[in-house]
>>> print(open('model-v4.tsv').read())   # TSV, C-alpha atoms
chain	number	residue	atom	x	y	z
O	29	MET	CA	42.07	47.42	1.38
O	30	SER	CA	44.52	44.55	1.16
O	31	GLN	CA	44.35	42.49	-2.05
O	32	LYS	CA	46.74	39.75	-0.95
O	33	LEU	CA	45.47	36.19	-0.83
O	34	ALA	CA	45.89	34.79	2.66
O	35	LYS	CA	48.30	31.85	2.45
O	36	SER	CA	47.66	30.14	5.76
O	37	ALA	CA	44.84	27.64	6.09
O	38	GLN	CA	42.28	28.31	8.80
O	39	SER	CA	39.55	25.94	9.88
O	40	VAL	CA	36.10	27.37	10.43
O	41	GLN	CA	35.10	26.82	14.07
O	42	GLU	CA	31.45	27.82	13.62
O	43	ALA	CA	29.26	29.20	10.84
O	44	LEU	CA	26.04	31.11	11.51
O	45	ASN	CA	23.51	32.86	9.33
O	46	LYS	CA	22.90	36.25	10.95
O	47	ALA	CA	21.91	38.64	8.16
O	48	GLY	CA	24.62	37.02	6.06
O	49	LEU	CA	27.14	34.28	6.68
O	50	VAL	CA	29.27	34.73	9.78
O	51	CYS	CA	32.20	32.35	10.33
O	52	SER	CA	34.36	32.07	13.42
O	53	ILE	CA	38.00	31.04	13.17
O	54	ALA	CA	40.76	30.58	15.75
O	55	ALA	CA	41.67	33.70	17.70
O	56	ASP	CA	45.33	33.55	16.63
O	57	HIS	CA	44.55	33.94	12.90
O	58	THR	CA	46.52	36.40	10.78
O	59	LEU	CA	43.66	37.59	8.59
O	60	GLN	CA	42.91	41.26	8.22
O	61	VAL	CA	39.79	43.08	7.06
O	62	GLY	CA	39.89	43.17	3.28
O	63	ASP	CA	42.02	40.04	2.80
O	64	ARG	CA	40.86	37.91	-0.13
O	65	LEU	CA	39.99	34.37	0.84
O	66	LYS	CA	39.59	31.11	-0.97
O	67	ILE	CA	36.90	29.02	0.66
O	68	MET	CA	37.13	25.24	0.28
O	69	ILE	CA	34.47	22.75	1.26
O	70	ASP	CA	35.34	19.14	1.96
O	71	TRP	CA	32.82	17.91	-0.62
O	72	ALA	CA	33.19	14.20	0.13
O	73	ARG	CA	32.36	14.84	3.79
O	74	ARG	CA	29.58	17.30	2.97
O	75	TYR	CA	27.97	14.96	0.45
O	76	LYS	CA	28.01	12.05	2.91
O	77	LEU	CA	26.37	14.29	5.52
O	78	MET	CA	23.69	15.23	2.98
O	79	ARG	CA	23.07	11.56	2.16
O	80	LEU	CA	22.90	10.62	5.85
O	81	HIS	CA	20.61	13.56	6.59
O	82	PHE	CA	18.15	12.56	3.91
O	83	ALA	CA	18.33	8.87	4.80
O	84	ALA	CA	17.43	9.89	8.37
O	85	GLU	CA	14.52	11.97	7.02
O	86	VAL	CA	13.13	8.96	5.14
O	87	VAL	CA	13.51	6.68	8.18
O	88	LEU	CA	11.93	9.25	10.50
O	89	GLU	CA	8.96	9.67	8.17
O	90	LEU	CA	8.49	5.88	7.95
O	91	VAL	CA	8.68	5.53	11.75
O	92	GLY	CA	6.11	8.30	12.13
O	93	GLN	CA	3.78	6.62	9.65
O	94	LYS	CA	4.08	3.21	11.37
O	95	PHE	CA	3.99	4.51	14.95
O	96	PRO	CA	1.88	7.69	15.07
O	97	ASP	CA	2.29	8.01	18.86
O	98	ILE	CA	6.09	7.77	18.91
O	99	VAL	CA	7.89	10.92	20.08
O	100	LYS	CA	11.14	12.03	18.47
O	101	THR	CA	13.37	13.45	21.20
O	102	GLY	CA	16.54	14.14	19.26
O	103	ALA	CA	18.70	13.46	16.25
O	104	HIS	CA	22.31	13.84	15.18
O	105	ILE	CA	24.06	13.65	11.82
O	106	ALA	CA	27.79	12.82	11.97
O	107	ALA	CA	30.27	11.91	9.26
O	108	ASP	CA	29.94	8.17	9.92
O	109	LYS	CA	26.26	7.76	10.83
O	110	ALA	CA	23.01	9.49	11.64
O	111	ARG	CA	20.96	8.87	14.75
O	112	ILE	CA	17.32	9.45	15.68
O	113	ASP	CA	16.22	9.28	19.33
O	114	PHE	CA	12.71	8.38	20.42
O	115	GLU	CA	10.67	8.18	23.57
O	116	TRP	CA	8.94	4.79	23.25
O	117	GLN	CA	8.12	2.11	25.77
O	118	ASP	CA	8.38	-0.83	23.38
O	119	SER	CA	11.41	-2.13	21.54
O	120	LEU	CA	11.85	-1.13	17.91
O	121	ALA	CA	14.11	-4.17	17.36
O	122	PRO	CA	11.40	-6.32	15.70
O	123	PHE	CA	10.77	-3.56	13.15
O	124	ILE	CA	14.33	-2.55	12.18
O	125	GLN	CA	14.64	-4.94	9.22
O	126	ILE	CA	11.20	-3.96	7.93
O	127	LEU	CA	12.01	-0.25	8.25
O	128	GLN	CA	15.35	-0.80	6.55
O	129	GLN	CA	13.73	-2.64	3.62
O	130	GLU	CA	10.96	-0.08	3.23
O	131	ALA	CA	13.45	2.79	3.32
O	132	GLN	CA	15.67	1.01	0.79
O	133	ASN	CA	12.64	0.49	-1.47
O	134	ILE	CA	11.97	4.24	-1.43
O	135	ILE	CA	15.64	4.95	-2.13
O	136	ASP	CA	15.70	2.49	-5.02
O	137	LEU	CA	12.68	4.12	-6.70
O	138	ASN	CA	15.07	6.70	-8.18
O	139	GLN	CA	12.72	9.56	-7.32
O	140	ASP	CA	13.55	13.24	-7.58
O	141	ILE	CA	13.59	15.06	-4.26
O	142	ILE	CA	11.89	18.42	-4.47
O	143	SER	CA	13.20	21.06	-2.05
O	144	ALA	CA	11.19	24.26	-2.03
O	145	PHE	CA	9.66	26.97	0.12
O	146	SER	CA	6.18	26.56	1.56
O	147	ASP	CA	6.46	30.18	2.72
O	148	GLU	CA	9.33	32.06	1.14
O	149	GLY	CA	8.80	35.18	3.26
O	150	SER	CA	9.44	33.29	6.48
O	151	GLU	CA	11.93	30.93	4.81
O	152	ARG	CA	9.92	27.81	5.61
O	153	ARG	CA	11.19	24.97	3.46
O	154	TYR	CA	10.16	21.41	2.79
O	155	TRP	CA	11.24	18.33	0.87
O	156	LYS	CA	8.92	16.17	-1.15
O	157	ILE	CA	9.04	12.81	-2.88
O	158	ASN	CA	5.92	12.58	-5.02
O	159	THR	CA	5.28	8.88	-4.32
O	160	PHE	CA	6.07	9.11	-0.60
O	161	SER	CA	5.66	12.27	1.45
O	162	GLN	CA	6.15	16.02	1.90
O	163	VAL	CA	7.96	17.06	5.08
O	164	PRO	CA	8.95	20.47	6.49
O	165	CYS	CA	12.76	20.69	6.66
O	166	GLY	CA	15.30	23.43	6.13
O	167	GLY	CA	18.28	21.11	5.63
O	168	THR	CA	20.46	20.64	2.59
O	169	HIS	CA	19.17	17.75	0.51
O	170	ILE	CA	20.41	15.53	-2.25
O	171	LYS	CA	18.55	15.69	-5.58
O	172	ASN	CA	17.50	12.06	-6.03
O	173	THR	CA	16.71	9.18	-3.69
O	174	GLN	CA	19.26	6.85	-5.31
O	175	GLU	CA	22.07	9.15	-4.19
O	176	ILE	CA	21.62	7.71	-0.68
O	177	GLY	CA	22.91	4.34	-1.84
O	178	LYS	CA	22.81	1.23	0.32
O	179	LEU	CA	21.21	1.84	3.71
O	180	ARG	CA	21.72	-0.04	6.98
O	181	LEU	CA	19.79	0.51	10.21
O	182	LYS	CA	20.75	-0.49	13.72
O	183	ARG	CA	18.62	-0.26	16.83
O	184	ALA	CA	20.07	0.91	20.14
O	185	ASN	CA	18.45	1.20	23.55
O	186	PRO	CA	20.02	4.06	25.52
O	187	GLY	CA	17.75	3.51	28.53
O	188	ARG	CA	14.30	2.67	29.80
O	189	GLY	CA	11.58	4.09	27.58
O	190	LYS	CA	14.12	5.26	25.01
O	191	GLU	CA	14.80	3.88	21.57
O	192	GLN	CA	17.40	4.92	19.04
O	193	ILE	CA	17.84	4.14	15.37
O	194	GLU	CA	21.32	4.50	13.89
O	195	ILE	CA	21.53	5.01	10.13
O	196	PHE	CA	24.50	4.10	7.95
O	197	VAL	CA	25.06	4.58	4.22
O	198	ASP	CA	27.71	3.11	1.93
O	199	ASP	CA	30.96	4.99	1.24
O	200	ARG	CA	30.47	6.44	-2.22
O	201	GLU	CA	31.35	9.89	-3.47
>>> encode(input="model-v4.tsv", output="structure tokens")
Amino acid sequence: MSQKLAKSAQSVQEALNKAGLVCSIAADHTLQVGDRLKIMIDWARRYKLMRLHFAAEVVLELVGQKFPDIVKTGAHIAADKARIDFEWQDSLAPFIQILQQEAQNIIDLNQDIISAFSDEGSERRYWKINTFSQVPCGGTHIKNTQEIGKLRLKRANPGRGKEQIEIFVDDRE
């Protein structure tokens, strides 16, 4: 078994959890079985994704509470913003500022975010804010609502009967 530390940097193309972590890297890599690796995570990027993910969770829960018949059709978390897609015949534009303020109020409460298993055997997880809600979610979450920081929402209309809320957070680390 080789004990050398691989010197060349390789970007992970994909990471899957299949009975352990499986990462894919470029086909032209020079790694060999047994090579020692140093794994580095871009923490600033990861932390922003975590903040955006949880901000989107709060907004989605608020939307669901205000509009029980709305249907979530998709979502995406990117490094610059999060997005939630809905099937909805009416415009969400009149409610964006209210949703933004209500979400910011929850954020500003400085509440701990509990992440735990509802069923450890089947790995079902949830997050919970005691004064707000408990929601099933297997994502990676921040520890406290204030970590989200300043929130900004923007409404988009990608087509007839479709509504989209874009979520932005401030650039802190």
>>> closest_residue(input="model-v4.tsv", among="O:Gly92, O:Gly149, O:Gly62, O:Pro164", to="Leu127 (chain O)", atoms="all atoms listed in the file")
O:Gly92
>>> closest_residue(input="model-v4.tsv", among="O:Cys165, O:Ile193, O:Ala103, O:Leu88", to="Ser119 (chain O)", atoms="only C-alpha atoms")
O:Ile193
>>> atom_distance(input="model-v4.tsv", atom1="CA of Val99 (chain O)", atom2="CA of Glu130 (chain O)")
20.4 Å
>>> atom_distance(input="model-v4.tsv", atom1="CA of Ile176 (chain O)", atom2="CA of Asn138 (chain O)")
10.0 Å
>>> atom_distance(input="model-v4.tsv", atom1="CA of Ala110 (chain O)", atom2="CA of Ile67 (chain O)")
26.4 Å
>>> residues_around(input="model-v4.tsv", residues="Val87 (chain O)", least_positions_apart="6", cutoff="12 Å", atoms="all atoms listed in the file", output="ChimeraX atom specification")
/O:80-81,93-95,100,103,110-113,123-135,160-161,179-182,192-196
>>> closest_residue(input="model-v4.tsv", among="O:Gln117, O:Gln139, O:Ser146, O:Ser52", to="Asn158 (chain O)", atoms="only C-alpha atoms")
O:Gln139
>>> closest_residue(input="model-v4.tsv", among="O:Glu115, O:Glu148, O:Glu175, O:Asp97", to="Phe82 (chain O)", atoms="all atoms listed in the file")
O:Glu175
>>> closest_residue(input="model-v4.tsv", among="O:Glu85, O:Asp136, O:Glu151, O:Asp108", to="Lys178 (chain O)", atoms="all atoms listed in the file")
O:Asp136
>>> closest_residue(input="model-v4.tsv", among="O:His57, O:Pro186, O:Ile170, O:Leu65", to="Met78 (chain O)", atoms="all atoms listed in the file")
O:Ile170
>>> residues_around(input="model-v4.tsv", residues="Phe145 (chain O)", least_positions_apart="4", cutoff="12 Å", atoms="all atoms listed in the file", output="list in words")
Gly149, Ser150, Glu151, Arg152, Arg153, Tyr154, Trp155, Lys156, Gln162, Val163, Pro164, Cys165, Gly166 and Gly167 of chain O
>>> axis_aligned_box(input="model-v4.tsv", around="region 52-70 of chain O", padding_each_side="5 Å", output="JSON")
{"center_x": 40.4, "center_y": 31.2, "center_z": 8.4, "size_x": 22.2, "size_y": 34.0, "size_z": 28.7}
